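Structure first, commentary second.
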Amino acid sequence: MASSDILSIGQSALSAAQAGISTTGHNIANASTAGYSRQIVVQTSAGGINYGYGFVGQGTQVASVQRVYNNLLATQVNAAQSSSSQINSYSALMTQIDNMIGTSSSGVSTSLQSFFTSIQGLTTNPNNAATRQAMLSSAQSLANSFQNTSSTLSGLNNSVNSQISSTVTEINSYASQIAKLNQAITVAQSASGQPANDLLDQRDQLVATLSKDVQVSVVSQDGSYNVTIGNGQALVVGNTSYNLSAVNSASNPTQLDIAIQTGGSTTNTLNSQTLTGGTLGGLLQFRNQSLGPTQNTFGQMALVVAQAFNNQQAQGLDLNGNQGTALFSVPTPTVFANTDNTGTQGIAATVSNADAVTTSDYTLKYDGTNYTLTRQSDGTTSTYSSLPQTVDGLSISLSGSGTMMAGDSFLIQPTVNAAAGLSVALTDINKIAAGGSVVTSTAASSNTGTATSSTPTVSSTYSSNPLTTATAFTLTYNQASNQLSGFPSGGPQTYVSGSTITVGNVSFTLSGTPANGDQFTIAQNTSNATGSNTNALALAALQTSKLVSGTTTLSDTYAQLVSTVGNQMNQLNITGAAETATLTQLTNTQQSNSGVNMDEEAANLIRYQQAYQAAGRVMQVATQLFTTLLGISG
Amino acid sequence: MRISTNMVYQSGINQINDLTSEQNKLQLQIGSMKKILTPSDDPVAAASAVQVEQAQSLNTQYTSNRSTVNSQLTNVSSTLSSVSNLIVSIQSTIVTAGNGSYSNSDRATLATTINNQLAQMLGYANTADASGNYIFAGNQNTTAPYQQTSTGATYSGDSGQNTVQVATQRYMQVNYTGSQVFSANGNDVFTTLTNLAKLLNTPVTDQASQTALTNGIAAANASMSSALNNVSSIQASVGANLNEIATLNTNGTSTSTQNAATLSGLQDLDYAQAVSDLSKNTTILNAAMKSYTTVTSLSLFDILKG
């Protein structure tokens with residue numbers, strides 16, 4: 001055993017201490033680097049040499065510098081991160097709807113109430129220009145509020161689209177960096193056989209950041225990460241990354257879908273239902289579950305308002321003694337032909353009965369023989385061999401001429417743009433039909449029975465074929481046969497108290513017990529009664545009528561919307577808090593394992609410093625030993 | 001548990017962030033005095049509030065309708081009392097006309113009085129309200145309903161009657177037509193007065209004309225007394241409606257108070273609670289900030305210095 005051996009033992013210790021000090025310094029330097037895992041020096045004994053009397057140690061060696069990293073914890077943190085980001089992006093958008101609906105001093109609910117207040121004003125003073133103007137102005141402000149609401153909501157749709165685009169750009173950038181790091185790591189590790197700690201940290205940090213954008217799954221293969229999204233579509237495989245792109249949806253050009261490059265220039269549109277987690281998942285979920293339904297509910301209210309007021313207007317007389325015309329222009333449904341359609345045929349949809357219109361969107365598909373209409377809200381399908389058809393208050397027909405090919409499909413949205421399309425059609429205050437009914441039913445003064453007639457209502461086609469002096473008619477009751485005679489066409493009809501009698505475009509009911517010979521005359525109302533408020537009362541009564549789907553009033557519908565939006569937001573807040581807590585807890589666990597503790601590093605620094613000093617001392621001793629030996633021989 | 005230095009900083013900041021956001025919410029609540037800032041704060045209460053607001057708005061509408069109806073009916077009522085007073089004074093003219101000692105020229109003077117009273121009656125029948133609408137014209141309220149003729153007056157109004165909603169289930173009649181007031185049951189006051197004036201202007205020369213005078217005066221008297229009964233009964237029903245409006249106003253006020261109380265319960269902030277929460281939160285935030293500085297200032301490196 002030579003003193004040079006002792007020198008090399010000292011030197012090995014010195015190197016190890018140096019490595020320790022460097023690593024500690026590296027840890028201190030990167031304590032706040034995102035995704036950094038603390039590194040430790042793995043030191044092993046250099047072994048010993050048998051000198052007969054025993055093994056004498058040969059010093060130490062640094063086996064490796066490793067990072068403290070737990071793959072399982074990282075996977076959990078990433079999954080929690082995806083859930084948390086999804087809720088954050090969802091609730092950031094949802095908050096805007098929540099705030100919009102929450103401000104009670106403005107908006108649709110308040111405008112509706114002011115509108116009805118103005119109609120009540122009209123009932124107390126039907127031929128006053130001021131009350132008429134007030135009603136028309138508040139109709140205008142109601143239409144404005146619907147339009148404003150709609151534009152706020154379509155602004156959110158635009159915001160979703162632009163966020164989808166920017167998120168897709170981010171995802172592509174992360175994916176390509178991961179692919180590059182895969183390559184760099186493979187090269188670095190195969191050359192040295194040692195873990196490329198800092199590159200590995202960078203790659204894991206990229207996966208963590210990517211998880212904020214969308215939920216991914218990672219499979220490690222030969223040191224490379226293969227990253228997939230959705231239903232297993234490959235985003236990164238080894239050194240290659242596949243680009244996502246935001247493309248106009250084939251079925252609905254107002255929305256962006258996500259497509260993935262599948263090799264070369266071919267792309268494949270991903271089903272948005274399968275893209276969950278992360279900002280992207282939150283955006284898509286908000287669009288499907290909150291934005292669409294809210295837009296549709298406002299649209300449904302707008303349709304119902306337009307139809308109910310127009311129908312009631314048509315029942316009364318305006319200040320000029322004419323039948324009332326439409327107060328609002330009724331918005332038309334939106335129809336999109338799928339851009340993948342091979343045929344040239346178009347589809348048109350109109351609202352035939354707003355009361356029956358639902359808040360759902362519909363898909364119409366042609367299979368070569370039949371049309372299948374799917375109501376998206378509940379998946380109900382109906383199959384028809386021909387068009388036009390009337391479903392849920394919608395008339396769906398072919399528009400123009402063209403060929404329908406098998407596989408062609410159409411998206412029909414009755415309500416999505418209805419709030420934007422609501423506008424006031426009347427400009428002349430004299431045309432508000434506050435006055436009496438268009439058609440009157442008058443009991444003869446000679447009647448002795450107790451039968452009474454309701455005020456006749458007219459159908460929407462009445463104006464094209466109104467009653468005239470010539471077509472007015474008188475019904476006479478015959479007690480012996482219990483029949484009414486005198487109908488403009490057809491023979492006598494049996495009298496049933498309370499049943500609706502429809503003649504042409506006019507309907508009314510007779511009820512009670514008529515006496516033989518009692519008469520009712522159905523004629524157009526020619527009195528130019530400017531002071532009548534009969535129809536204004538009926539317009540005012542719409543406030544408390546169950547107009548929406550025949551079951552709820554306008555204000556109830558709004559209250560339901562408030563409740564739905566409030567509950568969704570509330571749910572998001574609660575789930576969001578829970579997800580944040582989970583994420584914090586998992587991050588803490590991960591940090592507890594991999595994070596740098598400065599106090600620990602301070603202690604390590606002292607330890608390695610002392611080891612360095614001690615190693616130096618060993619080398620000094622070895623040198624002195626050598627000198628001693630030289631002294632003997634000299 | 002091993003704690004990383006990052007964690008120490010991060011969890012301190014998280015805590016301060018949470019407390020600050022709570023602080024912000026309390027501040028907004030106190031500023032607006034509402035506990036529900038958005039529907040998500042309490043979805044059930046927010047939805048109920050929409051409905052209570054609608055009820056309250058309807059109640060306010062009915063109150064304002066009642067005020068309009070009240071002024072319209074008061075106008076009708078005061079015109080009707082003028083009409084009754086006029087009828088009473090006509091009756092006394094008629095009684096005077098029956099005085100056997102009156103000469104033809106005395107009766108001719110009374111005929112002038114009757115013609116004046118007829119003109120006055122027509123004036124009442126053509127009363128217009130503040131907006132220029134004739135109150136006894138039915139729905140033809142932009143044209144004066146009565147035009148004098150040689151035999152009385154013609155009615156150009158119609159039988160239209162308006163009702164106005166004064167409570168949830170109550171529609172109240174707000175106008176009375178000329179035919180209801182001035183010619184009920186075929187007894188037309190204008191015809192009666194015109195005939196009477198003619199009669200009084202006709203000199204009594206013989207037994208026949210004396211009999212015609214006596215009968216005519218009796219008929220006029222009967223007609224006026226039936227007209228008075230009719231006007232009084234309409235006045236009574238107007239009076240009853242006015243009373244009902246007063247009652248409905250009282251009910252409306254209590255409904256309004258009740259709605260306001262419900263709405264306040266749903267939306268309004270418990271101020272004392274909120275202020276106390278704010279002060280508690282401030283204390284915790286203070287403590288969190290102090291502990292943050294304390295914990296983060298601890299470092300082994302500091303001790304190793306020098």
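Each chain in the structure tokens gets a letter, A, B, ..., in the order shown, and its residues are numbered from 1; ligands are numbered from 1 in order too.
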
Filtered DSSP result for stretch 16-244 of chain B, state helix (DSSP H, G or I), as an NGL selection string: :B and (16-32 or 39-41 or 43-97 or 104-125 or 178-182 or 184-186 or 189-201 or 207-244)

Distance-based interface of chain B with chain A, 8 Å, counting only C-alpha atoms, as a VMD selection string: chain B and resid 1 to 7 37 to 44 46 to 48 50 to 51 54 57 to 58 61 65 68 to 69 131 138 to 142 160 to 165 299 to 301

Would you mind telling me which residue in A:Met94, A:Val416, A:Ala143, A:Val42 lies nearest to A:Gly282 when using only C-alpha atoms? A:Met94

Find the spatial neighbours of stretch 90-106 of chain B, counting only C-alpha atoms, within a cut-off of 12 Å - ignore same-chain residues fewer than 5 positions away - and output them as a VMD selection string. chain B and resid 83 to 85 111 to 118 120 to 121 189 192 to 193 196 to 197 199 to 205 209 to 228

Please provide as a PyMOL selection string all residues within 12 Å of A:Ile432, with the sequence filter that same-chain residues fewer than 4 positions apart are discarded (counting only C-alpha atoms). chain A and resi 119+122-123+126-129+131-137+139+309-310+312-328+424-428+436+530+532-533+535-536+539

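Non-sequential neighbours of A:Ser399 (distance at most 8 Å, separation of 4 or more positions within a chain, only C-alpha atoms) are Gln345, Gly346, Ile347 and Ala348 of chain A.
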
Selection to disk with N, CA, C and O atoms, as a PDB file, in the first residue's frame:
```pdb
ATOM      1  N   GLN A 345     -79.731  20.050 -51.951  1.00  0.00           N
ATOM      2  CA  GLN A 345     -81.029  20.457 -51.430  1.00  0.00           C
ATOM      3  C   GLN A 345     -80.888  21.246 -50.130  1.00  0.00           C
ATOM      4  O   GLN A 345     -80.071  20.906 -49.279  1.00  0.00           O
ATOM      5  N   GLY A 346     -81.663  22.311 -50.002  1.00  0.00           N
ATOM      6  CA  GLY A 346     -81.692  23.077 -48.760  1.00  0.00           C
ATOM      7  C   GLY A 346     -82.927  22.730 -47.946  1.00  0.00           C
ATOM      8  O   GLY A 346     -83.866  22.104 -48.451  1.00  0.00           O
ATOM      9  N   ILE A 347     -82.904  23.130 -46.693  1.00  0.00           N
ATOM     10  CA  ILE A 347     -84.032  22.883 -45.789  1.00  0.00           C
ATOM     11  C   ILE A 347     -84.444  24.227 -45.195  1.00  0.00           C
ATOM     12  O   ILE A 347     -83.592  25.062 -44.894  1.00  0.00           O
ATOM     13  N   ALA A 348     -85.733  24.426 -45.046  1.00  0.00           N
ATOM     14  CA  ALA A 348     -86.213  25.652 -44.400  1.00  0.00           C
ATOM     15  C   ALA A 348     -87.058  25.270 -43.192  1.00  0.00           C
ATOM     16  O   ALA A 348     -87.731  24.240 -43.201  1.00  0.00           O
TER      17      ALA A 348
END
```

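Relative to atom CA of B:Ser291, atom CA of B:Tyr9 is found at 11.0 Å.
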
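Residues in contact with stretch 266-272 of chain B at up to 6 Å, not including ones fewer than 6 positions away on its chain and judged by only C-alpha atoms, are Met33, Lys34, Lys35, Ile36 and Ala45 of chain B.
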
Which residues are close to A:Val77, i.e. within 12 Å by only C-alpha atoms, leaving aside same-chain residues fewer than 2 positions away? Reply as number ranges by chain. A: 35, 70-75, 79-85, 204-205, 207-209, 211-212, 215, 579-591

So how far away is atom CA of A:Thr551 from atom CA of B:Val52, in Å? 18.8 Å

Pick from B:Leu26, B:Ser254, B:Gly178, B:Ser21, whichever lies nearest to B:Ser279 using only C-alpha atoms: B:Leu26

I'd like the interatomic distance between atom CA of B:Thr63 and atom CA of A:Ser437, to a tenth of an Å. 27.1 Å
